[in-house]
Amino acid sequence: KMLNIYYWNILLILVRAWLWPKRKLMEWGIINERVWLNDTDYNRHMNNASYCNKFEYGRWDLLLRNGVYSAMKRMGGAIVMYSLSIRYRRELKPFASFQIHTKICGWDKQHLYVEQRIVKDGFIHAVVMAKMRLLKVDGDSLMRAAGFEGKAPAVEPEIEAWSEYDRLSSERLRPSAGGASPKME
């Protein structure tokens, strides 16, 4: 069977990360992408799932090229997606080329916060805030191992508000709060 196109793209990102210059830890990473026909829906624009895939390519590229991924592996840790919020501002049509801008904008003991943007002709078409859970490693230790020196950047107020929403939502969904799924009969 032929590999899914997602895995080919991840393979390309791995090769690119090995061959292309490394990125500074706290700078924006930028990769070029395009809307292919398999990225579109019946409205003839890039579909929601494709936005998620493209943003994931941007996160992989950044974390591989800025040293965070290798530091995390050396420390025996892992990073998993914890929460993701996307704001769509303008559609992207088939074959449109665009850039994905990705930056680590903060961290705490358990999470890495990443902002991403899809930019075409200077306009931000979509913006993502990703909260990635750190497993078996804490944020400060990970970032020091990746080469960060100094004090961690202050988390922006909108990130704090978004994190509070996540916390409240999680509390509401707990069975003790009546958030368990009803039994299907």
# chains A, B, ... in the order shown; residues from 1 in each chain; ligands from 1
>>> residues_around(residues="A:Val128", least_positions_apart="3", cutoff="9 Å", atoms="only C-alpha atoms", output="mmCIF file with C-alpha atoms, in the first residue's frame")
data_model
loop_
_atom_site.group_PDB
_atom_site.id
_atom_site.type_symbol
_atom_site.label_atom_id
_atom_site.label_comp_id
_atom_site.auth_asym_id
_atom_site.auth_seq_id
_atom_site.Cartn_x
_atom_site.Cartn_y
_atom_site.Cartn_z
ATOM 1 C CA PHE A 55 -0.048 23.662 11.101
ATOM 2 C CA LEU A 84 -5.611 23.738 19.902
ATOM 3 C CA SER A 85 -7.601 26.792 18.929
ATOM 4 C CA ILE A 86 -7.866 27.971 15.317
ATOM 5 C CA ARG A 87 -9.269 31.271 14.136
ATOM 6 C CA TYR A 88 -10.033 31.425 10.415
ATOM 7 C CA VAL A 114 3.050 27.777 20.275
ATOM 8 C CA GLU A 115 1.515 30.446 18.058
ATOM 9 C CA GLN A 116 1.119 29.809 14.348
ATOM 10 C CA ARG A 117 -0.104 31.848 11.415
ATOM 11 C CA ILE A 118 -0.948 31.138 7.801
#
>>> residues_around(residues="stretch 131-140 of chain A", least_positions_apart="4", cutoff="6 Å", atoms="only C-alpha atoms", output="list in words")
Gly77, Ala78, Ile79, Val80, Met81, Tyr82, Ser83, Trp107, Asp108, Lys109, Gln110, His111, Leu112 and Tyr113 of chain A
>>> write_last_selection(atoms="all heavy atoms", output="tab-separated table (two decimals), in the first residue's frame")
chain	number	residue	atom	x	y	z
A	77	GLY	N	11.78	12.58	27.34
A	77	GLY	CA	10.43	13.13	27.39
A	77	GLY	C	9.68	12.98	26.08
A	77	GLY	O	10.16	12.37	25.13
A	78	ALA	N	8.51	13.55	26.07
A	78	ALA	CA	7.66	13.56	24.88
A	78	ALA	C	6.80	14.81	24.90
A	78	ALA	O	6.61	15.43	25.95
A	78	ALA	CB	6.78	12.31	24.83
A	79	ILE	N	6.31	15.18	23.73
A	79	ILE	CA	5.41	16.32	23.60
A	79	ILE	C	4.17	15.83	22.86
A	79	ILE	O	4.29	15.21	21.81
A	79	ILE	CB	6.06	17.47	22.79
A	79	ILE	CG1	7.35	17.94	23.46
A	79	ILE	CG2	5.08	18.63	22.63
A	79	ILE	CD1	8.12	18.98	22.64
A	80	VAL	N	3.00	16.10	23.42
A	80	VAL	CA	1.74	15.73	22.77
A	80	VAL	C	0.83	16.95	22.73
A	80	VAL	O	0.93	17.85	23.56
A	80	VAL	CB	1.03	14.55	23.49
A	80	VAL	CG1	1.87	13.29	23.43
A	80	VAL	CG2	0.70	14.91	24.93
A	81	MET	N	-0.06	16.97	21.74
A	81	MET	CA	-1.01	18.08	21.63
A	81	MET	C	-2.00	17.98	22.77
A	81	MET	O	-2.57	16.92	23.02
A	81	MET	CB	-1.73	18.03	20.28
A	81	MET	CG	-2.65	19.20	20.04
A	81	MET	SD	-1.87	20.82	20.21
A	81	MET	CE	-0.72	20.77	18.85
A	82	TYR	N	-2.21	19.08	23.45
A	82	TYR	CA	-3.12	19.13	24.59
A	82	TYR	C	-4.38	19.91	24.24
A	82	TYR	O	-5.49	19.52	24.55
A	82	TYR	CB	-2.40	19.75	25.78
A	82	TYR	CG	-3.19	19.79	27.05
A	82	TYR	CD1	-3.29	18.64	27.84
A	82	TYR	CD2	-3.81	20.95	27.47
A	82	TYR	CE1	-4.01	18.67	29.02
A	82	TYR	CE2	-4.52	20.99	28.65
A	82	TYR	CZ	-4.62	19.85	29.42
A	82	TYR	OH	-5.33	19.88	30.59
A	83	SER	N	-4.18	21.04	23.56
A	83	SER	CA	-5.31	21.88	23.18
A	83	SER	C	-4.91	22.72	21.97
A	83	SER	O	-3.75	23.10	21.83
A	83	SER	CB	-5.68	22.79	24.36
A	83	SER	OG	-6.82	23.56	24.07
A	107	TRP	N	6.08	28.98	27.96
A	107	TRP	CA	5.97	27.64	28.54
A	107	TRP	C	5.75	27.77	30.03
A	107	TRP	O	5.96	28.81	30.63
A	107	TRP	CB	7.22	26.79	28.25
A	107	TRP	CG	8.51	27.37	28.79
A	107	TRP	CD1	9.06	27.18	30.03
A	107	TRP	CD2	9.40	28.24	28.09
A	107	TRP	NE1	10.23	27.88	30.14
A	107	TRP	CE2	10.47	28.53	28.96
A	107	TRP	CE3	9.41	28.79	26.82
A	107	TRP	CZ2	11.53	29.36	28.60
A	107	TRP	CZ3	10.46	29.62	26.46
A	107	TRP	CH2	11.50	29.88	27.34
A	108	ASP	N	5.29	26.70	30.61
A	108	ASP	CA	5.20	26.59	32.05
A	108	ASP	C	5.72	25.21	32.42
A	108	ASP	O	6.35	24.54	31.60
A	108	ASP	CB	3.76	26.85	32.56
A	108	ASP	CG	2.71	25.91	31.98
A	108	ASP	OD1	3.05	24.74	31.66
A	108	ASP	OD2	1.56	26.33	31.85
A	109	LYS	N	5.46	24.77	33.63
A	109	LYS	CA	6.01	23.49	34.08
A	109	LYS	C	5.58	22.31	33.20
A	109	LYS	O	6.37	21.43	32.90
A	109	LYS	CB	5.58	23.24	35.53
A	109	LYS	CG	6.17	22.02	36.16
A	109	LYS	CD	5.81	21.93	37.63
A	109	LYS	CE	6.29	20.67	38.26
A	109	LYS	NZ	7.71	20.56	38.43
A	110	GLN	N	4.32	22.32	32.73
A	110	GLN	CA	3.78	21.18	32.00
A	110	GLN	C	3.48	21.41	30.53
A	110	GLN	O	3.16	20.46	29.83
A	110	GLN	CB	2.47	20.72	32.67
A	110	GLN	CG	2.64	20.21	34.07
A	110	GLN	CD	1.31	19.77	34.64
A	110	GLN	OE1	0.28	20.40	34.41
A	110	GLN	NE2	1.32	18.67	35.36
A	111	HIS	N	3.58	22.65	30.06
A	111	HIS	CA	3.12	22.94	28.70
A	111	HIS	C	4.09	23.84	27.93
A	111	HIS	O	4.80	24.64	28.51
A	111	HIS	CB	1.75	23.65	28.74
A	111	HIS	CG	0.72	22.89	29.47
A	111	HIS	ND1	0.37	23.17	30.77
A	111	HIS	CD2	-0.03	21.82	29.10
A	111	HIS	CE1	-0.57	22.33	31.17
A	111	HIS	NE2	-0.81	21.49	30.18
A	112	LEU	N	4.02	23.68	26.63
A	112	LEU	CA	4.72	24.55	25.68
A	112	LEU	C	3.62	25.24	24.87
A	112	LEU	O	2.70	24.58	24.38
A	112	LEU	CB	5.59	23.68	24.77
A	112	LEU	CG	6.64	24.32	23.90
A	112	LEU	CD1	7.70	24.99	24.74
A	112	LEU	CD2	7.28	23.26	23.02
A	113	TYR	N	3.69	26.57	24.76
A	113	TYR	CA	2.68	27.34	24.02
A	113	TYR	C	3.27	27.78	22.70
A	113	TYR	O	4.34	28.38	22.66
A	113	TYR	CB	2.22	28.55	24.83
A	113	TYR	CG	1.59	28.16	26.14
A	113	TYR	CD1	2.33	28.14	27.32
A	113	TYR	CD2	0.25	27.80	26.20
A	113	TYR	CE1	1.77	27.76	28.53
A	113	TYR	CE2	-0.33	27.42	27.41
A	113	TYR	CZ	0.43	27.41	28.57
A	113	TYR	OH	-0.14	27.04	29.75
>>> residues_around(residues="A:Ala49", least_positions_apart="4", cutoff="12 Å", atoms="only C-alpha atoms", output="ChimeraX atom specification")
/A:6,38-41,45,53-56,86
>>> closest_residue(among="A:Arg65, A:Lys151, A:Arg90, A:Arg172", to="A:Arg16", atoms="only C-alpha atoms")
A:Arg65
>>> atom_distance(atom1="atom CA of A:Ala152", atom2="atom CA of A:Ile104")
11.1 Å
>>> select_by_dssp(residues="stretch 7-52 of chain A", states="strand (DSSP E)", output="CSV table (one decimal) with all heavy atoms, in the first residue's frame")
chain,number,residue,atom,x,y,z
A,29,GLY,N,9.7,30.4,12.9
A,29,GLY,CA,10.0,29.5,11.8
A,29,GLY,C,9.0,29.7,10.7
A,29,GLY,O,7.8,29.9,10.9
A,30,ILE,N,9.5,29.7,9.5
A,30,ILE,CA,8.6,29.9,8.3
A,30,ILE,C,8.9,28.8,7.3
A,30,ILE,O,10.0,28.5,6.9
A,30,ILE,CB,8.9,31.3,7.7
A,30,ILE,CG1,8.7,32.4,8.7
A,30,ILE,CG2,8.1,31.4,6.4
A,30,ILE,CD1,9.1,33.8,8.2
A,31,ILE,N,7.8,28.1,6.9
A,31,ILE,CA,7.8,27.2,5.8
A,31,ILE,C,6.8,27.6,4.7
A,31,ILE,O,5.8,28.2,5.0
A,31,ILE,CB,7.6,25.7,6.3
A,31,ILE,CG1,6.2,25.5,6.9
A,31,ILE,CG2,8.7,25.3,7.2
A,31,ILE,CD1,5.9,24.0,7.2
A,32,ASN,N,7.1,27.2,3.5
A,32,ASN,CA,6.2,27.5,2.4
A,32,ASN,C,5.3,26.2,2.1
A,32,ASN,O,5.8,25.1,2.2
A,32,ASN,CB,7.0,27.8,1.1
A,32,ASN,CG,7.8,29.1,1.3
A,32,ASN,OD1,7.3,30.1,1.7
A,32,ASN,ND2,9.1,29.0,1.0
A,33,GLU,N,4.1,26.5,1.9
A,33,GLU,CA,3.1,25.4,1.6
A,33,GLU,C,2.2,25.9,0.4
A,33,GLU,O,2.2,27.0,0.0
A,33,GLU,CB,2.2,25.1,2.8
A,33,GLU,CG,2.9,24.2,3.8
A,33,GLU,CD,2.9,22.7,3.3
A,33,GLU,OE1,2.1,22.4,2.4
A,33,GLU,OE2,3.7,22.0,3.8
A,34,ARG,N,1.3,24.9,0.0
A,34,ARG,CA,0.4,25.2,-1.1
A,34,ARG,C,-0.9,24.4,-0.8
A,34,ARG,O,-0.9,23.4,-0.1
A,34,ARG,CB,1.0,24.7,-2.4
A,34,ARG,CG,0.1,25.0,-3.6
A,34,ARG,CD,0.8,24.7,-4.9
A,34,ARG,NE,2.0,25.5,-5.1
A,34,ARG,CZ,2.1,26.7,-5.6
A,34,ARG,NH1,1.0,27.3,-5.9
A,34,ARG,NH2,3.2,27.3,-5.8
